[in-house]
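Okay, so here's the structure we're looking at.
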Amino acid sequence: MGAAVLGATLFLAPAAARATPTTDGCQEGSFALQQALWHAEQALQAGEEQSVRDDVAHVVRDGAAEPYFLLRSGGLLEGLKDSAGADAIYMKALEAVKGGDPNMGHLYQAAALFHLHRASEAAPLLAAVRARKDALQIYTCRFIPVALAMADTGDQSGAIELLTAARDRAPEKRSIHDALVGLAFRSNDPARIDAALDAALLRFPTDVAFTVRRANLIKVRGRADEARAMLEKLILAGEEDPNLLGEYLGLVSGEDKARKSLDQTLKLAEAHPELHALAMLVGVEYHYLGEYEKSTLWLSKTGNLIDREPRIPMYLAMNQFRLRHQKEAEDLIERAARAGRPDPDIYYCRAIIAVRKDPAASVRDLEHYMRLTSGRPDANPGKQERVQQTLDLVRRCTEGPDPLGCVQRDVVDKAMALAFNEHLVALRPEGAPDVRPLQPGATAPPDATLAARAEHASRAALYSAAVAAALLALAGAAAAWRAKRRS
């Protein structure tokens, strides 16, 4: 993901998805336009170019007089590598700066000019505003788009200096801390990341987004128990933010982790029945232990959290699938997919559920999964390879004369789809013997049924490890990706 795309990501976040409501004056403007831009950013992450363009066109039309929205829209087109389209919108932003406070107008003009690679024209405008007494306090939020434009066009140090100066003059503005943390993560400098998070958490010690990022760093550095305690404290305080739950899931997902963690999580959930997030965590742990009915029982105790946390219907769907309740699994996975956030595992699971009935839909979902995970530094290479192999197999079936028969023969019966190995028990007709998973091109052993039974436990472990790794990757990425920005 290029710098311009990351800059756009720093801009974009819906008010409804904010972990900590912002009251620092950086949220303003049409809520409908904010939502349209957030939807466009989700579509950009999912590789859905036409959806991005449709949403951007809506914003440019309805927000033509607001440079703030135009700057954000230009960043989205840069994410599509449409430099000409982005530049046209930046020019509109320049033209939209009319009347009103001239200092605010100069800052928006400077941001647009930096994006247009006209730094020699932007710099004097920025300097003129900064020279005004108390400008960093009066126009704090307006410096954010300028700094991000500077970073996107190569001046990372200048962007950090500008935002640091603004933070020092207005430390109560959460959005400035948020932008600095984002730029620090973009720099990949551990010392800079620690310093930015230290400053943010000193000012906002219970902020969910900052805590999740700190916990992720601690986990990566080998202090998983400390990370869990940090996140658990927020969950016990009643927080239910998806990023928080996703990061916590990364610490307890997988058979080995779930087995070690279940007693502790179960005690907490029984002591706090009002906390739906704890019921979810118990349900997920039971899922990884293969106790699908218990998992469903606990996931069903999550109340209206199911409508805000798409992984709940996702795990419920896979429980029903493993129990051979196909229709229930289909309905639940659709509910998860409608949640509006591009969670890669939702599409992976939907591909598994659909493969025997609609191979073409399975192909589309596997392609969607690959778009959401490819190129991300936290992606699981092993799982990506398995999904790509599966995608190639199922796509080959859709190109032949008998897609359904081909899927049954080459994906299910021959157990060649590596991404689906863990689910073959549910994919095969009820009562049919297990078949040993084979590498593409391999031949079956003399007694495939006995071999499959001998390896059943190892396949289950492989499944747990693969999905756990994917959830770990997703949780870490989500905490960075959905950090909230306002200008």
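Identifiers in the structure tokens: chain A, B, ... in order shown; residue index from 1 per chain; ligand index from 1 in order shown.
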
Could you tell me, as a VMD selection string, which residues of stretch 93-233 of chain A DSSP assigns to helix (DSSP H, G or I) when given the backbone? chain A and resid 93 to 96 102 to 115 119 to 130 135 to 138 140 to 152 156 to 169 174 to 187 190 to 203 208 to 220 224 to 233

Which residue out of A:Glu161, A:Glu385, A:Glu95, A:Asp241 has the minimum interatomic distance to A:Ala147 when only C-alpha atoms are used? A:Glu161

With stretch 399-406 of chain A as the partner and 9 Å as the cut-off, tabulate the residues of stretch 297-381 of chain A that qualify, each row holding the nearest pair of atoms and their distance in Å to one decimal, using only C-alpha atoms, sorted by chain and rising number, as JSON lines.
{"residue": "A:Val355", "atom": "CA", "partner": "A:Leu404", "partner_atom": "CA", "distance": 8.5}
{"residue": "A:Arg356", "atom": "CA", "partner": "A:Leu404", "partner_atom": "CA", "distance": 6.3}
{"residue": "A:Lys357", "atom": "CA", "partner": "A:Leu404", "partner_atom": "CA", "distance": 7.0}
{"residue": "A:Asp358", "atom": "CA", "partner": "A:Leu404", "partner_atom": "CA", "distance": 7.6}
{"residue": "A:Pro359", "atom": "CA", "partner": "A:Pro403", "partner_atom": "CA", "distance": 6.8}
{"residue": "A:Ala360", "atom": "CA", "partner": "A:Pro403", "partner_atom": "CA", "distance": 8.5}

Can you tell me, as a count of residues only, what residues are no more than 12 Å from A:Ala195 when counting only C-alpha atoms, ignoring any on the same chain fewer than 6 positions away? 11

Nearest to A:Asp225: which of A:Leu251, A:Ala191, A:Leu113, A:Leu244 is it, counting only C-alpha atoms? A:Leu251

Could you list, as a ChimeraX atom specification, every residue within 10 Å of stretch 260-262 of chain A, counting only C-alpha atoms and ignoring same-chain residues fewer than 2 positions away? /A:251-253,255-258,264-268,281-286,289

Please dump the current selection as a CSV table (one decimal), in the first residue's frame; keep N, CA and C atoms.
chain,number,residue,atom,x,y,z
A,251,LEU,N,-5.2,-13.4,20.8
A,251,LEU,CA,-4.4,-13.9,21.9
A,251,LEU,C,-5.0,-15.3,22.4
A,252,VAL,N,-6.3,-15.6,22.0
A,252,VAL,CA,-6.9,-16.8,22.6
A,252,VAL,C,-7.4,-17.7,21.5
A,253,SER,N,-7.1,-17.4,20.2
A,253,SER,CA,-7.6,-18.2,19.1
A,253,SER,C,-6.6,-19.3,18.8
A,255,GLU,N,-6.4,-23.9,18.8
A,255,GLU,CA,-6.7,-25.0,19.8
A,255,GLU,C,-5.8,-24.9,21.0
A,256,ASP,N,-4.5,-24.7,20.8
A,256,ASP,CA,-3.6,-24.7,22.0
A,256,ASP,C,-3.9,-23.5,22.9
A,257,LYS,N,-4.1,-22.3,22.3
A,257,LYS,CA,-4.3,-21.2,23.1
A,257,LYS,C,-5.7,-21.2,23.8
A,258,ALA,N,-6.7,-21.7,23.0
A,258,ALA,CA,-8.0,-21.8,23.6
A,258,ALA,C,-8.1,-22.8,24.8
A,264,GLN,N,-10.0,-19.5,32.3
A,264,GLN,CA,-9.9,-18.1,32.8
A,264,GLN,C,-11.0,-17.3,32.1
A,265,THR,N,-11.2,-17.4,30.8
A,265,THR,CA,-12.3,-16.7,30.1
A,265,THR,C,-13.7,-17.1,30.6
A,266,LEU,N,-13.9,-18.4,30.9
A,266,LEU,CA,-15.1,-18.9,31.3
A,266,LEU,C,-15.5,-18.3,32.7
A,267,LYS,N,-14.5,-18.2,33.6
A,267,LYS,CA,-14.7,-17.6,34.9
A,267,LYS,C,-15.1,-16.2,34.8
A,268,LEU,N,-14.5,-15.4,34.0
A,268,LEU,CA,-14.8,-14.0,33.8
A,268,LEU,C,-16.2,-13.9,33.2
A,281,LEU,N,-16.1,-14.3,23.5
A,281,LEU,CA,-14.7,-14.9,23.6
A,281,LEU,C,-14.8,-16.4,24.0
A,282,VAL,N,-15.7,-16.7,25.0
A,282,VAL,CA,-15.9,-18.1,25.4
A,282,VAL,C,-16.4,-18.9,24.2
A,283,GLY,N,-17.3,-18.3,23.4
A,283,GLY,CA,-17.9,-19.0,22.2
A,283,GLY,C,-16.8,-19.3,21.2
A,284,VAL,N,-15.9,-18.4,21.0
A,284,VAL,CA,-14.8,-18.5,20.0
A,284,VAL,C,-13.8,-19.6,20.5
A,285,GLU,N,-13.5,-19.6,21.8
A,285,GLU,CA,-12.6,-20.6,22.3
A,285,GLU,C,-13.2,-22.0,22.2
A,286,TYR,N,-14.5,-22.2,22.5
A,286,TYR,CA,-15.2,-23.5,22.3
A,286,TYR,C,-15.1,-23.9,20.8
A,289,LEU,N,-11.9,-25.5,20.0
A,289,LEU,CA,-11.8,-26.8,20.7
A,289,LEU,C,-12.7,-27.8,20.0

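The spacing separating atom CA of A:Tyr369 from atom CA of A:Ala329 amounts to 18.8 Å.
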
Contacts of A:Ser30 at 12 Å or less, counting only C-alpha atoms, minus same-chain residues fewer than 4 places along, as a ChimeraX atom specification? /A:14-15,34-37,59,62-63,65-66,68-69

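You will find atom CA of A:Gln45 at 15.8 Å from atom CA of A:Tyr348.
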
Residue neighbourhood A:Asp134, 12 Å, only C-alpha atoms, exclusion window fewer than 3 positions, as a list in words: Val129, Arg130, Ala131, Gln137, Ile138, Tyr139, Thr140, Ala165, Ala166, Asp168, Arg169 and Ala170 of chain A

Interatomic distance between atom CA of A:Gly29 and atom CA of A:Pro67? 10.9 Å

For stretch 77-87 of chain A, list every protein, DNA or RNA residue within 12 Å, evaluated using only C-alpha atoms, and leave out those in the same chain fewer than 3 positions away; present the list as an MDAnalysis selection string. chainID A and resid 1:9 37 40:57 60 70:74 90:94 112:118 149 152:153

Among A:Leu217, A:Ala64, A:Ala127, A:Ala354, A:Asn188 is approached most closely, using only C-alpha atoms, by A:Leu217
